[in-house]
file upload_32.cif (mmCIF, C-alpha atoms)
data_my_file
#
loop_
_atom_site.label_atom_id
_atom_site.label_comp_id
_atom_site.auth_asym_id
_atom_site.auth_seq_id
_atom_site.Cartn_x
_atom_site.Cartn_y
_atom_site.Cartn_z
CA CYS A 1 125.99 80.89 -191.69
CA PHE A 2 126.60 84.03 -193.70
CA GLY A 3 126.96 82.95 -197.33
CA ALA A 4 127.51 79.31 -196.40
CA ARG A 5 126.62 76.71 -198.98
CA GLU A 6 123.19 75.13 -199.21
CA ARG A 7 122.99 71.39 -198.59
CA ALA A 8 121.09 69.33 -201.15
CA GLU A 9 119.78 65.87 -200.38
CA MET A 10 120.84 63.18 -202.87
CA GLU A 11 119.97 59.50 -202.86
CA HIS A 12 122.48 56.85 -203.93
CA ILE A 13 121.66 53.16 -204.26
CA LEU A 14 124.41 50.54 -203.98
CA TYR A 15 123.92 47.14 -205.63
CA PHE A 16 126.04 44.24 -204.42
CA ALA A 17 127.10 41.53 -206.83
CA SER A 18 126.37 38.80 -204.30
CA ASP A 19 124.12 38.19 -201.32
CA ASP A 20 127.12 37.93 -199.02
CA ALA A 21 125.94 39.53 -195.76
CA GLY A 22 129.51 39.90 -194.59
CA GLU A 23 130.41 42.04 -197.59
CA LYS A 24 127.44 44.34 -196.95
CA HIS A 25 128.40 44.75 -193.30
CA ARG A 26 131.98 45.58 -194.25
CA TRP A 27 130.68 48.30 -196.56
CA LEU A 28 128.46 49.71 -193.83
CA HIS A 29 131.31 49.60 -191.32
CA GLU A 30 133.65 51.49 -193.63
CA TRP A 31 130.95 54.01 -194.46
CA GLY A 32 130.33 54.65 -190.77
CA ARG A 33 134.05 54.98 -190.11
CA LEU A 34 134.39 57.45 -192.99
CA TRP A 35 131.67 59.67 -191.50
CA ASP A 36 133.10 59.25 -187.98
CA ARG A 37 129.67 58.83 -186.41
CA GLY A 38 131.07 58.04 -182.99
CA ALA A 39 128.71 56.08 -180.74
CA VAL A 40 125.38 57.69 -181.66
CA ARG A 41 122.89 54.84 -181.66
CA ARG A 42 119.88 55.98 -179.65
CA LEU A 43 118.57 59.49 -178.97
CA LEU A 44 115.87 61.10 -176.86
CA VAL A 45 114.13 63.68 -179.06
CA LEU A 46 112.09 66.48 -177.49
CA ILE A 47 109.80 68.50 -179.77
CA ASN A 48 108.23 71.83 -178.88
CA PRO A 49 105.22 71.94 -181.23
CA VAL A 50 104.25 75.54 -180.41
CA GLY A 51 107.66 77.23 -180.57
CA GLY A 52 108.34 79.90 -183.21
CA LYS A 53 105.89 79.51 -186.08
CA LYS A 54 104.80 76.07 -184.82
CA GLN A 55 106.84 74.27 -187.47
CA ALA A 56 108.77 71.89 -185.22
CA ARG A 57 106.59 68.85 -185.84
CA GLY A 58 106.69 69.38 -189.59
CA ILE A 59 110.49 69.76 -189.57
CA TRP A 60 110.79 66.52 -187.63
CA ASP A 61 108.43 64.56 -189.91
CA THR A 62 109.80 65.82 -193.23
CA VAL A 63 113.52 66.20 -192.53
CA ALA A 64 114.94 64.89 -189.27
CA SER A 65 113.00 61.66 -188.77
CA LYS A 66 113.90 60.36 -192.22
CA MET A 67 117.58 61.18 -191.87
CA PHE A 68 117.89 59.50 -188.47
CA HIS A 69 116.15 56.41 -189.86
CA GLN A 70 118.53 56.27 -192.81
CA ALA A 71 121.47 56.54 -190.42
CA GLY A 72 120.19 53.62 -188.35
CA ILE A 73 119.70 55.70 -185.21
CA GLU A 74 116.85 54.78 -182.87
CA VAL A 75 114.85 57.67 -181.44
CA GLU A 76 112.36 58.13 -178.64
CA VAL A 77 110.19 61.13 -179.46
CA VAL A 78 108.36 63.17 -176.81
CA GLU A 79 106.34 66.33 -177.47
CA THR A 80 106.35 68.95 -174.74
CA THR A 81 102.96 70.23 -173.65
CA HIS A 82 103.74 73.17 -171.36
CA GLN A 83 106.51 75.49 -170.24
CA GLY A 84 108.99 73.63 -168.05
CA HIS A 85 107.89 70.23 -169.37
CA ALA A 86 111.39 69.44 -170.66
CA ILE A 87 112.80 70.09 -167.17
CA GLU A 88 110.32 67.59 -165.73
CA ILE A 89 111.13 64.99 -168.39
CA VAL A 90 114.91 65.22 -168.25
CA SER A 91 115.21 65.54 -164.46
CA GLY A 92 113.36 62.28 -163.87
CA ALA A 93 114.06 60.14 -166.96
CA ASP A 94 116.35 57.13 -167.14
CA LEU A 95 118.98 58.41 -169.56
CA SER A 96 121.37 55.49 -169.25
CA ALA A 97 120.13 53.98 -172.52
CA VAL A 98 120.48 57.09 -174.70
CA ASP A 99 123.57 58.57 -176.32
CA GLY A 100 122.24 62.12 -176.39
CA ILE A 101 119.25 64.46 -176.23
CA VAL A 102 118.02 66.36 -179.28
CA CYS A 103 115.71 69.38 -179.12
CA VAL A 104 113.57 70.25 -182.13
CA SER A 105 112.83 73.79 -181.04
CA GLY A 106 114.28 77.20 -180.45
CA ASP A 107 116.75 78.09 -177.71
CA GLY A 108 114.28 77.91 -174.84
CA LEU A 109 113.86 74.14 -174.88
CA VAL A 110 117.63 73.61 -174.84
CA VAL A 111 117.86 75.80 -171.74
CA GLU A 112 115.12 73.73 -170.09
CA VAL A 113 117.05 70.53 -170.83
CA VAL A 114 120.24 71.97 -169.35
CA ASN A 115 118.40 72.98 -166.19
CA GLY A 116 116.66 69.60 -165.99
CA LEU A 117 120.02 67.83 -166.15
CA GLN A 118 121.31 70.04 -163.31
CA GLN A 119 118.41 68.99 -161.08
CA ARG A 120 119.29 65.31 -161.25
CA SER A 121 121.08 63.46 -158.48
CA ASP A 122 123.73 62.51 -161.04
CA ALA A 123 124.02 66.06 -162.37
CA HIS A 124 127.82 65.99 -162.41
CA ALA A 125 127.90 62.97 -164.72
CA MET A 126 125.13 64.43 -166.88
CA GLY A 127 127.42 67.33 -167.72
CA ALA A 128 128.90 65.05 -170.38
CA MET A 129 125.52 64.18 -171.93
CA PRO A 130 125.62 65.34 -175.60
CA LEU A 131 122.88 67.79 -176.56
CA GLY A 132 121.77 68.57 -180.10
CA VAL A 133 119.39 71.16 -181.47
CA ILE A 134 117.41 71.24 -184.71
CA PRO A 135 116.29 74.86 -185.30
CA ALA A 136 112.52 75.27 -185.14
CA GLY A 137 112.09 78.37 -183.01
CA THR A 138 112.15 82.11 -183.51
CA GLY A 139 115.75 83.10 -182.82
CA ASN A 140 117.71 79.82 -183.07
CA GLY A 141 120.85 81.50 -181.73
CA LEU A 142 122.44 78.32 -180.37
CA ALA A 143 122.03 76.30 -183.57
CA THR A 144 123.35 79.22 -185.62
CA SER A 145 126.39 79.64 -183.35
CA PHE A 146 127.23 75.93 -183.46
CA LEU A 147 127.08 75.72 -187.24
CA PHE A 148 128.80 79.08 -187.72
CA LYS A 149 131.84 77.62 -185.98
CA GLY A 150 132.00 74.92 -188.69
CA GLY A 151 131.18 77.23 -191.58
CA GLU A 152 127.79 75.61 -192.14
CA LYS A 153 124.46 77.20 -193.01
CA CYS A 154 121.93 77.13 -190.19
CA ASP A 155 119.16 74.83 -191.36
CA ALA A 156 117.55 71.63 -190.17
CA THR A 157 119.41 69.40 -192.63
CA SER A 158 122.85 70.65 -191.57
CA CYS A 159 121.98 70.28 -187.88
CA VAL A 160 120.72 66.72 -188.27
CA LEU A 161 123.80 65.77 -190.27
CA ALA A 162 126.07 67.18 -187.56
CA ILE A 163 124.20 65.15 -184.92
CA ILE A 164 124.44 61.97 -186.99
CA ARG A 165 128.17 62.41 -187.43
CA GLY A 166 128.50 62.49 -183.66
CA HIS A 167 130.99 65.32 -183.28
CA VAL A 168 130.71 66.90 -179.83
CA GLU A 169 131.84 70.41 -178.80
CA LYS A 170 132.00 71.56 -175.21
CA LEU A 171 129.74 74.49 -174.29
CA ASP A 172 130.06 76.74 -171.25
CA ALA A 173 127.09 77.15 -168.93
CA ALA A 174 126.58 79.99 -166.44
CA ARG A 175 124.89 79.61 -163.06
CA VAL A 176 122.65 82.59 -162.38
CA GLU A 177 121.98 83.48 -158.77
CA GLN A 178 119.65 86.02 -157.20
CA GLY A 179 119.70 86.75 -153.52
CA GLY A 180 122.50 84.23 -153.09
CA GLU A 181 120.31 81.39 -154.33
CA PRO A 182 120.77 79.58 -157.69
CA ARG A 183 117.92 80.43 -160.08
CA PHE A 184 118.83 78.70 -163.35
CA TYR A 185 121.63 77.83 -165.73
CA SER A 186 122.13 79.85 -168.90
CA VAL A 187 123.83 78.77 -172.13
CA LEU A 188 122.83 81.53 -174.57
CA SER A 189 122.81 84.97 -172.95
CA ILE A 190 121.89 86.98 -169.89
CA GLY A 191 120.29 90.35 -170.49
CA TRP A 192 119.27 93.36 -168.43
CA GLY A 193 117.42 96.30 -169.89
CA LEU A 194 116.78 96.74 -173.62
CA ALA A 195 117.68 93.22 -174.80
CA SER A 196 115.68 91.34 -172.17
CA ASP A 197 112.76 93.79 -172.31
CA THR A 198 112.49 93.23 -176.05
CA ASP A 199 112.68 89.45 -175.66
CA VAL A 200 109.97 89.31 -173.00
CA GLU A 201 107.62 91.94 -174.39
CA SER A 202 107.70 90.57 -177.95
CA ASP A 203 106.38 87.22 -176.78
CA ALA A 204 102.81 88.25 -177.61
CA MET A 205 103.84 88.56 -181.27
CA ARG A 206 105.24 85.06 -181.75
CA TRP A 207 102.81 84.56 -184.62
CA CYS A 208 104.85 86.93 -186.81
CA GLY A 209 108.13 85.06 -186.41
CA PRO A 210 111.60 86.63 -185.99
CA VAL A 211 110.38 90.05 -187.10
CA ARG A 212 108.77 90.39 -183.67
CA PHE A 213 112.18 91.20 -182.20
CA THR A 214 112.68 93.99 -184.74
CA ILE A 215 109.25 95.52 -184.16
CA GLN A 216 109.50 95.43 -180.39
CA GLY A 217 113.16 96.45 -180.47
CA VAL A 218 112.47 99.60 -182.50
CA PHE A 219 109.65 100.50 -180.11
CA ASN A 220 111.85 99.96 -177.03
CA ILE A 221 114.78 101.92 -178.48
CA ALA A 222 112.40 104.82 -179.12
CA LYS A 223 111.15 104.63 -175.51
CA LYS A 224 114.72 104.20 -174.23
CA ARG A 225 114.12 103.02 -170.71
CA VAL A 226 116.99 103.56 -168.30
CA TYR A 227 117.90 101.37 -165.31
CA GLN A 228 120.11 102.29 -162.39
CA GLY A 229 122.46 99.61 -161.22
CA SER A 230 125.91 98.28 -160.47
CA LEU A 231 127.76 95.81 -162.68
CA ARG A 232 130.74 93.87 -161.35
CA LEU A 233 133.04 92.21 -163.87
CA LEU A 234 136.10 89.99 -163.55
CA SER A 235 138.28 90.96 -166.49
CA PRO A 236 140.66 88.36 -167.95
CA PRO A 237 144.40 88.90 -167.41
CA THR A 238 145.00 90.07 -171.00
CA GLN A 239 142.48 92.88 -170.61
CA ALA A 240 142.61 93.90 -166.96
CA GLU A 241 145.23 96.58 -167.59
CA SER A 242 143.65 97.91 -170.78
CA LEU A 243 140.36 98.94 -169.15
CA SER A 244 139.92 102.62 -168.53
CA ASN A 245 138.73 103.53 -165.06
CA PRO A 246 135.08 104.65 -164.89
CA THR A 247 134.66 102.41 -161.89
CA ARG A 248 134.01 102.99 -158.23
CA GLU A 249 136.00 99.98 -157.10
CA GLN A 250 139.27 98.46 -158.25
CA VAL A 251 140.12 95.27 -156.40
CA PRO A 252 143.73 94.00 -156.43
CA SER A 253 144.50 91.49 -159.18
CA GLN A 254 143.75 87.82 -158.71
CA ALA A 255 146.51 85.20 -158.74
CA ASP A 256 146.13 84.74 -162.50
CA GLY A 257 146.28 88.46 -163.20
CA SER A 258 142.53 88.95 -163.63
CA GLN A 259 140.90 91.91 -161.91
CA TRP A 260 137.50 92.84 -160.56
CA ARG A 261 135.91 96.06 -161.85
CA THR A 262 132.65 97.72 -160.85
CA LEU A 263 130.59 99.89 -163.19
CA GLU A 264 127.88 102.03 -161.63
CA GLY A 265 125.31 104.43 -163.01
CA ASN A 266 122.37 104.44 -165.39
CA PHE A 267 122.27 101.80 -168.13
CA SER A 268 120.10 101.25 -171.17
CA MET A 269 121.33 97.69 -171.57
CA VAL A 270 123.73 95.10 -170.22
CA TRP A 271 123.95 92.01 -172.40
CA ALA A 272 126.24 89.08 -171.66
CA LEU A 273 126.70 86.61 -174.53
CA ASN A 274 127.93 83.03 -174.30
CA VAL A 275 127.95 82.37 -178.06
CA THR A 276 128.40 84.38 -181.25
CA HIS A 277 124.73 84.70 -182.23
CA CYS A 278 121.72 85.62 -180.11
CA ALA A 279 119.55 84.86 -183.18
CA PHE A 280 120.06 83.48 -186.66
CA ASP A 281 120.36 87.00 -188.10
CA ASN A 282 122.17 88.70 -185.22
CA MET A 283 125.86 88.15 -184.57
CA THR A 284 126.07 89.97 -181.27
CA ALA A 285 129.45 88.63 -180.07
CA PRO A 286 131.65 87.68 -183.05
CA TYR A 287 134.63 86.92 -180.79
CA ALA A 288 132.78 84.56 -178.44
CA GLU A 289 133.94 80.96 -178.15
CA LEU A 290 131.80 77.99 -177.17
CA CYS A 291 134.09 76.92 -174.35
CA ASP A 292 136.46 79.65 -173.18
CA GLY A 293 135.14 80.27 -169.66
CA CYS A 294 134.12 83.83 -170.53
CA TYR A 295 131.11 85.92 -171.41
CA ASP A 296 131.31 88.74 -173.94
CA VAL A 297 129.51 91.63 -172.23
CA LEU A 298 127.98 94.55 -174.10
CA VAL A 299 127.26 97.59 -171.93
CA VAL A 300 125.17 100.54 -173.20
CA ARG A 301 125.03 103.52 -170.89
CA GLU A 302 122.27 106.11 -170.56
CA GLU A 303 124.08 108.75 -172.60
CA VAL A 304 124.25 106.65 -175.77
CA PRO A 305 121.84 108.29 -178.27
CA ARG A 306 119.04 106.33 -179.90
CA SER A 307 120.63 106.67 -183.33
CA THR A 308 123.80 104.96 -182.09
CA ILE A 309 121.81 102.09 -180.60
CA PHE A 310 119.93 101.64 -183.89
CA GLY A 311 123.23 101.59 -185.76
CA MET A 312 124.71 99.10 -183.32
CA PHE A 313 121.96 96.56 -183.95
CA LEU A 314 122.22 97.08 -187.71
CA GLU A 315 125.93 96.26 -187.48
CA MET A 316 125.12 93.08 -185.58
CA GLU A 317 122.82 91.93 -188.39
CA LYS A 318 125.78 92.31 -190.78
CA GLY A 319 128.02 90.21 -188.54
CA LEU A 320 130.11 93.16 -187.33
CA SER A 321 131.15 93.86 -183.77
CA PRO A 322 129.26 96.86 -182.35
CA ASN A 323 130.98 100.13 -183.32
CA CYS A 324 133.76 98.12 -184.96
CA PRO A 325 133.80 98.07 -188.79
CA GLN A 326 136.36 95.27 -188.92
CA LYS A 327 136.48 92.03 -186.96
CA GLN A 328 140.00 90.77 -187.56
CA GLN A 329 141.14 91.47 -184.00
CA SER A 330 142.24 88.47 -181.97
CA GLN A 331 140.50 89.72 -178.83
CA PRO A 332 137.07 91.31 -178.32
CA PRO A 333 137.26 95.10 -178.43
CA ILE A 334 137.19 96.92 -175.12
CA ARG A 335 135.56 100.34 -175.05
CA HIS A 336 134.87 102.57 -172.12
CA SER A 337 133.16 105.46 -173.78
CA ALA A 338 129.38 105.74 -173.96
CA GLY A 339 129.07 102.22 -175.34
CA GLU A 340 131.33 99.48 -174.02
CA SER A 341 132.13 95.94 -175.05
CA LEU A 342 133.80 93.87 -172.36
CA HIS A 343 135.01 90.31 -171.87
CA ALA A 344 134.02 88.92 -168.46
CA SER A 345 134.20 85.59 -166.67
CA ARG A 346 131.23 83.32 -166.07
CA ASP A 347 129.40 82.37 -162.91
CA ARG A 348 129.77 85.93 -161.58
CA ARG A 349 126.61 87.56 -162.92
CA HIS A 350 123.74 88.66 -160.70
CA PRO A 351 121.25 90.25 -163.10
CA ARG A 352 118.39 92.01 -161.39
CA GLN A 353 115.85 92.08 -164.18
CA LYS A 354 114.47 89.70 -166.77
CA PRO A 355 117.50 87.51 -167.45
CA ARG A 356 117.41 86.07 -170.96
CA ARG A 357 118.46 82.47 -171.03
#
call {"tool": "encode", "arguments": {"input": "upload_32.cif", "output": "structure tokens"}}
result
Amino acid sequence: CFGARERAEMEHILYFASDDAGEKHRWLHEWGRLWDRGAVRRLLVLINPVGGKKQARGIWDTVASKMFHQAGIEVEVVETTHQGHAIEIVSGADLSAVDGIVCVSGDGLVVEVVNGLQQRSDAHAMGAMPLGVIPAGTGNGLATSFLFKGGEKCDATSCVLAIIRGHVEKLDAARVEQGGEPRFYSVLSIGWGLASDTDVESDAMRWCGPVRFTIQGVFNIAKKRVYQGSLRLLSPPTQAESLSNPTREQVPSQADGSQWRTLEGNFSMVWALNVTHCAFDNMTAPYAELCDGCYDVLVVREEVPRSTIFGMFLEMEKGLSPNCPQKQQSQPPIRHSAGESLHASRDRRHPRQKPRR
């Protein structure tokens, strides 16, 4: 999505020499085979009309709806009316007749759909239900991450085209528990401290679009709240030995060579990323993979100065790993100085404050 080509819509009209219906169908069959559309024939489309700058309905009417019609895909369109509405729809709907669910929204509606699927009696089977997203929110981190993997620019046209072609990529999901009880499933990120504070507190400025994160973020960095806590990470086998030892606890290695580590103290931020981008203009975890069973975890301790935190977020906007001017490394960098970037396994997080989904 950085410097990727723009897609331009072009219309081509084919004229057949005869009225032979069989010839026309053969052409259509070969065209569909060329584009490898898979089995996408009918979709459930959920639109959040108030997300971001409230452009979702317009994006659907002017871009997505027309393209799906041209591709011969049937759609059932439902507009959400309140927070959690998508959970209610998906958890109780008969999805046997649809080939996938598409969200015209930001990241929040996708998270609701994932959690709605997990509340169904057939939740295990619904894990294979294809989900698509057409960016119409503020951050659009998921859509950006998906298209970044394919070298595409993050826009509505590219997303719709990817959905029409029917290519499916697996995506990890994390189960977040508090007090031993499951709270929700996350597919974007889980934050504690600066990142989640900025996300939650900037909600009142949705009218100004993505810049709300910058405004609130600068304010929160200047305030620099500090939280006391304990962070427990299961480091992958390739990195367990390379971690320095600022930990209270070092548990013997697991059977696969992975190792539990505990970080304690005062933190400005703990941010666990499932995908490369937390927003369209913020590549927070350039080494993250969609389906690798791991979170990329960014830890900022109390002693990190404000200037360093500012610089870290500026690097993210340029697509650079925090404190790392190059990104050619095959593994995420591991740092145990003031600022740390770790690689940790999923389903082990227990955030205590404002988890960002």
call {"tool": "atom_distance", "arguments": {"input": "upload_32.cif", "atom1": "CA of Met129 in chain A", "atom2": "CA of Gly100 in chain A"}}
result
5.9 Å
call {"tool": "atom_distance", "arguments": {"input": "upload_32.cif", "atom1": "CA of Gln70 in chain A", "atom2": "CA of Glu30 in chain A"}}
result
15.9 Å
call {"tool": "resolve_selection", "arguments": {"input": "upload_32.cif", "expression": "the PyMOL selection byres ((chain A and resi 274-291) around 6)", "output": "count of residues only"}}
result
18
call {"tool": "closest_residue", "arguments": {"input": "upload_32.cif", "among": "A:Arg41, A:Arg206, A:His25, A:Arg301", "to": "Lys224 in chain A", "atoms": "all atoms listed in the file"}}
result
A:Arg301
call {"tool": "resolve_selection", "arguments": {"input": "upload_32.cif", "expression": "the PyMOL selection byres ((chain A and resi 133) around 6)", "output": "number ranges by chain"}}
result
A: 102-104, 132, 134
call {"tool": "residues_around", "arguments": {"input": "upload_32.cif", "residues": "range 82-97 of chain A", "least_positions_apart": "6", "cutoff": "8 Å", "atoms": "all atoms listed in the file", "output": "PyMOL selection string"}}
result
chain A and resi 42+46+109+112-120
call {"tool": "write_last_selection", "arguments": {"input": "upload_32.cif", "atoms": "C-alpha atoms", "output": "PDB file, in the coordinates of the input"}}
result
ATOM      1  CA  ARG A  42     119.880  55.980-179.650  1.00  0.00           C
ATOM      2  CA  LEU A  46     112.090  66.480-177.490  1.00  0.00           C
ATOM      3  CA  LEU A 109     113.860  74.140-174.880  1.00  0.00           C
ATOM      4  CA  GLU A 112     115.120  73.730-170.090  1.00  0.00           C
ATOM      5  CA  VAL A 113     117.050  70.530-170.830  1.00  0.00           C
ATOM      6  CA  VAL A 114     120.240  71.970-169.350  1.00  0.00           C
ATOM      7  CA  ASN A 115     118.400  72.980-166.190  1.00  0.00           C
ATOM      8  CA  GLY A 116     116.660  69.600-165.990  1.00  0.00           C
ATOM      9  CA  LEU A 117     120.020  67.830-166.150  1.00  0.00           C
ATOM     10  CA  GLN A 118     121.310  70.040-163.310  1.00  0.00           C
ATOM     11  CA  GLN A 119     118.410  68.990-161.080  1.00  0.00           C
ATOM     12  CA  ARG A 120     119.290  65.310-161.250  1.00  0.00           C
TER      13      ARG A 120
END
call {"tool": "closest_residue", "arguments": {"input": "upload_32.cif", "among": "A:Met126, A:Leu194, A:Val50, A:Cys208", "to": "Lys223 in chain A", "atoms": "all atoms listed in the file"}}
result
A:Leu194
call {"tool": "residues_near_point", "arguments": {"input": "upload_32.cif", "point": "(113.4, 93.0, -175.8)", "cutoff": "12 Å", "atoms": "only C-alpha atoms", "output": "mmCIF file with C-alpha atoms, keeping the file's coordinate frame"}}
result
data_model
loop_
_atom_site.group_PDB
_atom_site.id
_atom_site.type_symbol
_atom_site.label_atom_id
_atom_site.label_comp_id
_atom_site.auth_asym_id
_atom_site.auth_seq_id
_atom_site.Cartn_x
_atom_site.Cartn_y
_atom_site.Cartn_z
ATOM 1 C CA ILE A 190 121.890 86.980 -169.890
ATOM 2 C CA GLY A 191 120.290 90.350 -170.490
ATOM 3 C CA TRP A 192 119.270 93.360 -168.430
ATOM 4 C CA GLY A 193 117.420 96.300 -169.890
ATOM 5 C CA LEU A 194 116.780 96.740 -173.620
ATOM 6 C CA ALA A 195 117.680 93.220 -174.800
ATOM 7 C CA SER A 196 115.680 91.340 -172.170
ATOM 8 C CA ASP A 197 112.760 93.790 -172.310
ATOM 9 C CA THR A 198 112.490 93.230 -176.050
ATOM 10 C CA ASP A 199 112.680 89.450 -175.660
ATOM 11 C CA VAL A 200 109.970 89.310 -173.000
ATOM 12 C CA GLU A 201 107.620 91.940 -174.390
ATOM 13 C CA SER A 202 107.700 90.570 -177.950
ATOM 14 C CA ASP A 203 106.380 87.220 -176.780
ATOM 15 C CA ALA A 204 102.810 88.250 -177.610
ATOM 16 C CA MET A 205 103.840 88.560 -181.270
ATOM 17 C CA ARG A 212 108.770 90.390 -183.670
ATOM 18 C CA PHE A 213 112.180 91.200 -182.200
ATOM 19 C CA THR A 214 112.680 93.990 -184.740
ATOM 20 C CA ILE A 215 109.250 95.520 -184.160
ATOM 21 C CA GLN A 216 109.500 95.430 -180.390
ATOM 22 C CA GLY A 217 113.160 96.450 -180.470
ATOM 23 C CA VAL A 218 112.470 99.600 -182.500
ATOM 24 C CA PHE A 219 109.650 100.500 -180.110
ATOM 25 C CA ASN A 220 111.850 99.960 -177.030
ATOM 26 C CA ILE A 221 114.780 101.920 -178.480
ATOM 27 C CA LYS A 223 111.150 104.630 -175.510
ATOM 28 C CA LYS A 224 114.720 104.200 -174.230
ATOM 29 C CA ARG A 225 114.120 103.020 -170.710
ATOM 30 C CA SER A 268 120.100 101.250 -171.170
ATOM 31 C CA MET A 269 121.330 97.690 -171.570
ATOM 32 C CA VAL A 270 123.730 95.100 -170.220
ATOM 33 C CA TRP A 271 123.950 92.010 -172.400
ATOM 34 C CA CYS A 278 121.720 85.620 -180.110
ATOM 35 C CA GLN A 353 115.850 92.080 -164.180
ATOM 36 C CA LYS A 354 114.470 89.700 -166.770
ATOM 37 C CA PRO A 355 117.500 87.510 -167.450
ATOM 38 C CA ARG A 356 117.410 86.070 -170.960
#
call {"tool": "resolve_selection", "arguments": {"input": "upload_32.cif", "expression": "the PyMOL selection byres ((chain A and resi 65) around 12)", "output": "short mmCIF file (atom, residue, chain, number, x, y, z; two decimals) with C-alpha atoms, in the frame of the given file"}}
result
data_model
loop_
_atom_site.label_atom_id
_atom_site.label_comp_id
_atom_site.auth_asym_id
_atom_site.auth_seq_id
_atom_site.Cartn_x
_atom_site.Cartn_y
_atom_site.Cartn_z
CA LEU A 43 118.57 59.49 -178.97
CA VAL A 45 114.13 63.68 -179.06
CA ILE A 47 109.80 68.50 -179.77
CA ALA A 56 108.77 71.89 -185.22
CA ARG A 57 106.59 68.85 -185.84
CA GLY A 58 106.69 69.38 -189.59
CA ILE A 59 110.49 69.76 -189.57
CA TRP A 60 110.79 66.52 -187.63
CA ASP A 61 108.43 64.56 -189.91
CA THR A 62 109.80 65.82 -193.23
CA VAL A 63 113.52 66.20 -192.53
CA ALA A 64 114.94 64.89 -189.27
CA LYS A 66 113.90 60.36 -192.22
CA MET A 67 117.58 61.18 -191.87
CA PHE A 68 117.89 59.50 -188.47
CA HIS A 69 116.15 56.41 -189.86
CA GLN A 70 118.53 56.27 -192.81
CA ALA A 71 121.47 56.54 -190.42
CA GLY A 72 120.19 53.62 -188.35
CA ILE A 73 119.70 55.70 -185.21
CA GLU A 74 116.85 54.78 -182.87
CA VAL A 75 114.85 57.67 -181.44
CA GLU A 76 112.36 58.13 -178.64
CA VAL A 77 110.19 61.13 -179.46
CA VAL A 102 118.02 66.36 -179.28
CA VAL A 104 113.57 70.25 -182.13
CA ILE A 134 117.41 71.24 -184.71
CA ALA A 156 117.55 71.63 -190.17
CA THR A 157 119.41 69.40 -192.63
CA VAL A 160 120.72 66.72 -188.27
CA LEU A 161 123.80 65.77 -190.27
CA ILE A 164 124.44 61.97 -186.99
#
call {"tool": "atom_distance", "arguments": {"input": "upload_32.cif", "atom1": "CA of Thr138 in chain A", "atom2": "CA of Glu9 in chain A"}}
result
24.6 Å
call {"tool": "residues_around", "arguments": {"input": "upload_32.cif", "residues": "Gly229 in chain A", "least_positions_apart": "2", "cutoff": "8 Å", "atoms": "all atoms listed in the file", "output": "list of chain:residue names"}}
result
A:Tyr227, A:Leu231, A:Glu264, A:Gly265, A:Asn266, A:Phe267
